file protein_0.txt (compact mmCIF, C-alpha atoms)
# COMPACT_ATOMS: atom_id res chain seq x y z
CA MET P 1 95.89 103.21 92.53
CA PRO P 2 97.74 102.31 95.75
CA GLU P 3 101.32 103.55 96.02
CA HIS P 4 102.40 101.46 98.96
CA VAL P 5 102.30 97.90 100.19
CA THR P 6 100.95 97.06 103.66
CA ARG P 7 100.92 93.76 105.51
CA GLU P 8 99.64 92.96 109.00
CA LEU P 9 100.33 90.03 111.25
CA THR P 10 99.24 89.27 114.81
CA LEU P 11 101.76 87.33 116.83
CA GLY P 12 101.05 85.49 120.08
CA ALA P 13 103.79 87.15 122.12
CA PRO P 14 104.04 90.32 124.21
CA LEU P 15 105.25 93.55 122.62
CA PRO P 16 108.79 93.57 124.14
CA VAL P 17 109.44 90.04 122.91
CA VAL P 18 108.25 90.82 119.38
CA TRP P 19 110.23 94.08 119.36
CA ALA P 20 113.39 92.20 120.31
CA ALA P 21 112.74 89.68 117.55
CA VAL P 22 112.20 92.49 115.04
CA LEU P 23 115.51 94.11 115.99
CA ALA P 24 117.36 90.78 115.71
CA GLY P 25 116.80 91.26 111.99
CA ASP P 26 117.41 87.63 110.97
CA TRP P 27 113.86 87.43 109.65
CA LEU P 28 114.44 90.42 107.37
CA ALA P 29 117.25 88.92 105.32
CA GLU P 30 119.91 86.22 105.43
CA ARG P 31 122.26 88.74 107.03
CA THR P 32 121.13 91.95 108.69
CA GLU P 33 123.05 94.68 110.48
CA LEU P 34 120.81 97.16 112.20
CA GLU P 35 122.05 100.03 114.33
CA PRO P 36 119.16 100.54 116.77
CA ARG P 37 118.86 104.33 116.88
CA ALA P 38 117.42 107.10 114.76
CA GLY P 39 120.04 107.94 112.16
CA GLY P 40 121.62 104.49 112.49
CA THR P 41 122.38 102.34 109.50
CA VAL P 42 120.64 99.28 108.09
CA ARG P 43 122.41 96.73 105.92
CA CYS P 44 120.79 93.58 104.58
CA ARG P 45 122.02 90.85 102.30
CA ASP P 46 119.52 88.41 100.89
CA GLU P 47 119.80 86.06 97.92
CA GLY P 48 122.91 87.89 96.74
CA GLU P 49 121.28 91.30 96.89
CA GLU P 50 122.62 93.97 99.23
CA ARG P 51 120.34 96.68 100.56
CA GLU P 52 121.56 99.66 102.56
CA GLY P 53 119.84 102.49 104.33
CA TRP P 54 119.32 104.47 107.49
CA ILE P 55 116.85 104.57 110.34
CA GLU P 56 114.43 107.47 110.35
CA THR P 57 112.35 106.59 113.42
CA PHE P 58 113.27 104.40 116.37
CA THR P 59 110.64 104.23 119.10
CA PRO P 60 111.08 101.21 121.40
CA PRO P 61 108.40 100.18 123.87
CA GLY P 62 108.94 101.74 127.29
CA PRO P 63 107.34 103.72 130.07
CA ARG P 64 106.41 106.51 127.67
CA SER P 65 105.07 104.13 125.04
CA PRO P 66 104.19 100.83 126.72
CA ARG P 67 101.77 99.61 124.09
CA ARG P 68 103.31 100.81 120.85
CA ALA P 69 106.70 100.63 119.18
CA ALA P 70 107.82 101.80 115.78
CA LEU P 71 110.78 101.52 113.45
CA ALA P 72 110.99 103.32 110.13
CA PHE P 73 113.92 103.19 107.74
CA TRP P 74 114.89 103.95 104.18
CA TRP P 75 116.74 101.40 102.09
CA ALA P 76 117.72 100.64 98.55
CA ALA P 77 119.67 98.13 96.53
CA ALA P 78 122.43 99.48 94.28
CA GLY P 79 120.99 101.44 91.41
CA GLU P 80 117.47 101.42 92.81
CA THR P 81 115.40 104.27 94.19
CA ALA P 82 115.13 104.08 97.98
CA THR P 83 111.85 103.08 99.59
CA ARG P 84 110.60 103.74 103.11
CA VAL P 85 109.73 100.85 105.39
CA GLU P 86 107.67 101.45 108.52
CA LEU P 87 107.11 98.77 111.13
CA VAL P 88 104.52 99.52 113.81
CA LEU P 89 103.96 97.14 116.71
CA VAL P 90 100.86 97.47 118.87
CA ALA P 91 100.28 95.47 122.05
CA GLY P 92 96.95 93.74 122.58
CA GLU P 93 95.46 90.69 124.20
CA THR P 94 93.15 87.85 123.33
CA THR P 95 89.69 87.49 124.87
CA ASP P 96 91.15 85.09 127.43
CA GLY P 97 93.84 87.60 128.39
CA ARG P 98 96.89 86.27 126.53
CA PRO P 99 99.23 88.94 125.15
CA VAL P 100 99.43 89.43 121.41
CA THR P 101 101.22 91.95 119.25
CA LEU P 102 100.01 93.36 115.97
CA VAL P 103 102.80 93.96 113.47
CA ARG P 104 102.00 96.28 110.59
CA VAL P 105 104.58 96.86 107.88
CA THR P 106 104.24 99.44 105.13
CA GLU P 107 106.73 99.88 102.29
CA THR P 108 106.22 103.14 100.44
CA ARG P 109 107.55 104.44 97.16
CA PRO P 110 109.20 107.90 97.37
CA LEU P 111 106.16 109.45 95.76
CA ASP P 112 104.12 109.14 98.94
CA ALA P 113 106.85 109.79 101.43
CA ARG P 114 108.39 112.89 99.89
CA ASP P 115 105.09 114.63 100.47
CA LEU P 116 105.31 113.85 104.18
CA VAL P 117 108.84 114.70 105.25
CA ALA P 118 111.68 116.94 104.20
CA ILE P 119 114.56 116.17 106.51
CA PRO P 120 118.29 116.31 105.78
CA LEU P 121 119.88 113.08 104.69
CA PRO P 122 122.79 111.62 106.67
CA GLU P 123 126.05 111.51 104.71
CA VAL P 124 126.23 107.78 104.96
CA ALA P 125 123.09 107.41 102.93
CA GLY P 126 124.10 109.50 99.95
CA PRO P 127 121.87 111.39 97.59
CA SER P 128 119.68 108.45 96.65
CA TYR P 129 118.32 107.85 100.12
CA GLY P 130 115.45 109.35 101.98
CA PRO P 131 113.10 111.96 100.75
CA VAL P 132 115.31 113.32 98.06
CA LEU P 133 112.64 115.84 97.17
CA ARG P 134 113.04 115.26 93.50
CA ALA P 135 109.82 117.19 93.12
CA ALA P 136 111.37 120.32 94.61
CA VAL E 1 98.22 121.97 98.19
CA SER E 2 97.01 124.28 95.51
CA THR E 3 96.45 123.03 91.99
CA GLY E 4 99.34 125.14 90.78
CA ALA E 5 101.78 123.71 93.29
CA GLY E 6 100.60 120.21 92.44
CA ASP E 7 101.22 120.85 88.76
CA ALA E 8 104.73 122.10 89.36
CA ALA E 9 105.60 119.20 91.64
CA GLY E 10 104.21 116.68 89.20
CA VAL E 11 106.06 117.92 86.15
CA ALA E 12 109.34 118.31 88.03
CA GLY E 13 108.81 114.90 89.62
CA ALA E 14 108.51 113.24 86.22
CA ALA E 15 111.76 114.87 85.14
CA GLY E 16 113.40 113.71 88.39
CA ALA E 17 112.39 110.15 87.72
CA ALA E 18 114.02 110.36 84.30
CA ASP E 19 117.19 111.69 85.94
CA ALA E 20 117.21 108.86 88.45
CA ALA E 21 116.90 106.33 85.65
CA GLY E 22 119.82 107.94 83.86
CA VAL E 23 122.04 107.89 86.94
CA ALA E 24 121.20 104.29 87.65
CA GLY E 25 121.88 103.46 84.03
CA ALA E 26 119.07 100.98 84.26
CA GLY E 27 115.95 102.42 82.73
CA GLY E 28 114.35 99.13 83.66
CA ALA E 29 111.29 98.14 85.62
CA ALA E 30 111.94 100.20 88.76
CA SER E 31 112.48 103.51 86.99
CA GLY E 32 109.42 102.89 84.82
CA VAL E 33 107.35 102.35 87.92
CA ASP E 34 108.69 105.59 89.39
CA ALA E 35 107.64 107.51 86.33
CA VAL E 36 104.17 105.99 86.51
CA PHE E 37 103.79 106.85 90.19
CA ASP E 38 105.03 110.38 89.58
CA ALA E 39 102.49 110.82 86.84
CA LEU E 40 99.71 109.41 88.99
CA ALA E 41 100.53 111.68 91.93
CA ASP E 42 98.30 114.43 90.67
CA PRO E 43 94.51 114.05 91.07
CA THR E 44 93.85 115.91 87.82
CA ARG E 45 95.98 113.44 85.93
CA ARG E 46 94.12 110.55 87.53
CA LEU E 47 90.89 112.21 86.44
CA LEU E 48 92.19 112.48 82.89
CA LEU E 49 93.07 108.78 82.88
CA GLU E 50 89.58 108.01 84.11
CA GLN E 51 88.09 110.05 81.27
CA LEU E 52 90.29 108.33 78.72
CA SER E 53 89.46 104.90 80.06
CA ALA E 54 85.82 105.57 79.19
CA ALA E 55 86.55 106.46 75.55
CA PRO E 56 88.84 105.01 72.88
CA ALA E 57 90.63 108.36 72.46
CA ALA E 58 90.12 112.09 73.01
CA THR E 59 91.72 115.42 72.19
CA ALA E 60 92.92 117.94 74.76
CA THR E 61 90.03 120.23 73.79
CA GLU E 62 87.48 117.46 74.33
CA LEU E 63 88.97 116.60 77.72
CA ALA E 64 89.08 120.26 78.80
CA SER E 65 85.39 120.63 77.98
CA ARG E 66 84.57 117.87 80.49
CA LEU E 67 86.79 119.13 83.31
CA PRO E 68 86.96 122.39 85.29
CA ILE E 69 90.47 123.22 84.05
CA THR E 70 91.85 125.06 81.04
CA ARG E 71 92.93 123.37 77.82
CA GLN E 72 96.46 124.62 78.49
CA ALA E 73 96.53 122.81 81.84
CA VAL E 74 95.10 119.67 80.23
CA VAL E 75 97.87 119.73 77.60
CA LYS E 76 100.50 119.96 80.33
CA HIS E 77 99.04 117.02 82.25
CA LEU E 78 98.70 114.97 79.07
CA ALA E 79 102.39 115.61 78.34
CA ALA E 80 103.36 114.29 81.80
CA LEU E 81 101.16 111.20 81.33
CA THR E 82 102.61 110.60 77.87
CA ALA E 83 106.17 110.95 79.20
CA ALA E 84 105.37 108.28 81.80
CA GLY E 85 104.19 105.97 79.03
CA LEU E 86 100.60 105.98 80.23
CA LEU E 87 99.24 107.65 77.08
CA GLN E 88 99.96 107.50 73.38
CA ARG E 89 99.66 110.53 71.09
CA GLN E 90 98.27 110.11 67.61
CA ARG E 91 98.10 113.04 65.18
CA SER E 92 95.12 113.11 62.86
CA GLY E 93 95.20 116.16 60.61
CA ARG E 94 95.29 119.18 62.89
CA GLU E 95 94.14 117.23 65.92
CA VAL E 96 96.11 115.17 68.39
CA HIS E 97 94.28 112.25 69.97
CA TYR E 98 95.35 110.66 73.23
CA ARG E 99 94.66 107.07 74.19
CA LEU E 100 95.55 104.86 77.16
CA THR E 101 98.45 102.44 77.11
CA PRO E 102 97.80 100.08 80.01
CA GLU E 103 101.21 98.33 80.09
CA PRO E 104 102.93 100.74 82.56
CA LEU E 105 100.10 100.25 85.03
CA SER E 106 100.58 96.50 85.00
CA GLU E 107 104.31 97.14 85.60
CA ALA E 108 103.41 99.15 88.72
CA VAL E 109 101.15 96.35 89.88
CA THR E 110 104.01 93.92 89.35
CA TRP E 111 106.24 95.98 91.64
CA MET E 112 103.61 95.96 94.37
CA ALA E 113 103.04 92.22 93.99
CA GLN E 114 106.78 91.53 94.28
CA VAL E 115 107.20 93.74 97.35
CA GLY E 116 104.07 92.27 98.94
CA ALA E 117 105.26 88.70 98.37
CA THR E 118 108.64 89.53 99.90
CA TRP E 119 107.02 90.95 103.03
CA ASP E 120 104.78 87.88 103.29
CA ARG E 121 107.92 85.77 103.33
CA ARG E 122 109.70 88.00 105.87
CA LEU E 123 106.71 88.13 108.23
CA ALA E 124 106.37 84.34 108.03
CA ALA E 125 110.03 84.14 109.07
CA LEU E 126 109.37 86.53 111.96
CA ALA E 127 106.40 84.43 113.08
CA SER E 128 108.40 81.19 112.96
CA ARG E 129 111.20 82.86 114.95
CA LEU E 130 108.70 83.41 117.79
CA ASP E 131 107.23 79.90 117.67
call {"tool": "encode", "arguments": {"input": "protein_0.txt", "output": "structure tokens"}}
result
Amino acid sequence: MPEHVTRELTLGAPLPVVWAAVLAGDWLAERTELEPRAGGTVRCRDEGEEREGWIETFTPPGPRSPRRAALAFWWAAAGETATRVELVLVAGETTDGRPVTLVRVTETRPLDARDLVAIPLPEVAGPSYGPVLRAA
Amino acid sequence: VSTGAGDAAGVAGAAGAADAAGVAGAGGAASGVDAVFDALADPTRRLLLEQLSAAPAATATELASRLPITRQAVVKHLAALTAAGLLQRQRSGREVHYRLTPEPLSEAVTWMAQVGATWDRRLAALASRLD
């Protein structure tokens, strides 16, 4: 019984370009506000539904990580349990040398994630965000 | 993770899911899915479901005889599975029989299908942004 949803997509653009498009956020929802740093906030509004959360991991491509970038955040709509979304971007190239980027997204129910991390929650998120450790 | 720690986490987790549903005041599809996932977190409970899927019904004693755990532990796991709506209890004289109720599982599958479809749509939007 899987407890998460994963999707992968290979895009014909170099990693920095795809990363910039990911951070633009307009593909995520009709309106997206994303504070690009660990601990920053995420707000999305789509089809009348508002989702809010915070960024757990923010690893842009750079000299220390030229071929991989990652963004992980927690979010929830009002009254819902928060879920964790992880976006991992990996640089690659086609056989004829054109740059491509693999995008892998995983949305996880708290059941999986609370086993992995136990970090304090930022005040902005409130008690329903992040690994609440309801099992503790 | 020891079996004991897993047990404790599982039982408390099921209670937590019930709390969350109460706070949200919803008790709808999402909280039901949470309860199912909490119940399925423990490998012993998944094993019990597997055993029950192979038979119309079974008692805790019958299940304990097939697994390397005590009847007391089986009873505790069956209680968590019943609380999540995955099992039904039926008393017959002095015995209690447990049987599967598949509806909560299909609810969990529904959640995954909805989330998956939403990400398909978002990734298509990301791809078209880069065209």
call {"tool": "residues_around", "arguments": {"input": "protein_0.txt", "residues": "Thr118 (chain E)", "least_positions_apart": "4", "cutoff": "12 Å", "atoms": "only C-alpha atoms", "output": "JSON, numbers by chain"}}
result
{"P": [5, 6, 7, 27, 28, 29, 46, 47, 105, 107], "E": [111, 112, 113, 114, 122, 123, 124, 125]}
call {"tool": "closest_residue", "arguments": {"input": "protein_0.txt", "among": "P:Glu86, P:Leu34, P:Gly97, P:Ala78", "to": "chain E", "atoms": "only C-alpha atoms"}}
result
P:Ala78
call {"tool": "atom_distance", "arguments": {"input": "protein_0.txt", "atom1": "CA of Thr110 (chain E)", "atom2": "CA of Val36 (chain E)"}}
result
12.4 Å
call {"tool": "closest_atom_pairs", "arguments": {"input": "protein_0.txt", "of": "region 90-127 of chain E", "to": "region 59-75 of chain E", "cutoff": "10 Å", "atoms": "all atoms listed in the file", "output": "CSV"}}
result
residue,atom,partner,partner_atom,distance
E:Gln90,CA,E:Thr59,CA,9.6
E:Arg91,CA,E:Thr59,CA,9.8
E:Glu95,CA,E:Thr59,CA,7.0
E:Val96,CA,E:Thr59,CA,5.8
E:His97,CA,E:Thr59,CA,4.6
E:Tyr98,CA,E:Thr59,CA,6.1
E:Arg99,CA,E:Thr59,CA,9.1
call {"tool": "atom_distance", "arguments": {"input": "protein_0.txt", "atom1": "CA of Thr81 (chain P)", "atom2": "CA of Arg43 (chain P)"}}
result
15.6 Å
call {"tool": "atom_distance", "arguments": {"input": "protein_0.txt", "atom1": "CA of Val88 (chain P)", "atom2": "CA of Glu50 (chain P)"}}
result
23.9 Å
call {"tool": "residues_around", "arguments": {"input": "protein_0.txt", "residues": "region 44-51 of chain E", "least_positions_apart": "5", "cutoff": "8 Å", "atoms": "all atoms listed in the file", "output": "number ranges by chain"}}
result
E: 39, 63, 77-78, 81, 100
call {"tool": "residues_around", "arguments": {"input": "protein_0.txt", "residues": "Gly40 (chain P)", "least_positions_apart": "3", "cutoff": "8 Å", "atoms": "all atoms listed in the file", "output": "list in words"}}
result
Leu34, Glu35, Pro36, Arg37, Trp54 and Ile55 of chain P
call {"tool": "closest_residue", "arguments": {"input": "protein_0.txt", "among": "P:Glu80, P:Arg31, P:Leu102, P:Thr59", "to": "chain E", "atoms": "all atoms listed in the file"}}
result
P:Glu80
call {"tool": "residues_around", "arguments": {"input": "protein_0.txt", "residues": "Arg98 (chain P)", "least_positions_apart": "2", "cutoff": "9 Å", "atoms": "all atoms listed in the file", "output": "list in words"}}
result
Gly12, Ala13, Pro14, Gly92, Glu93, Thr94, Thr95, Asp96 and Val100 of chain P
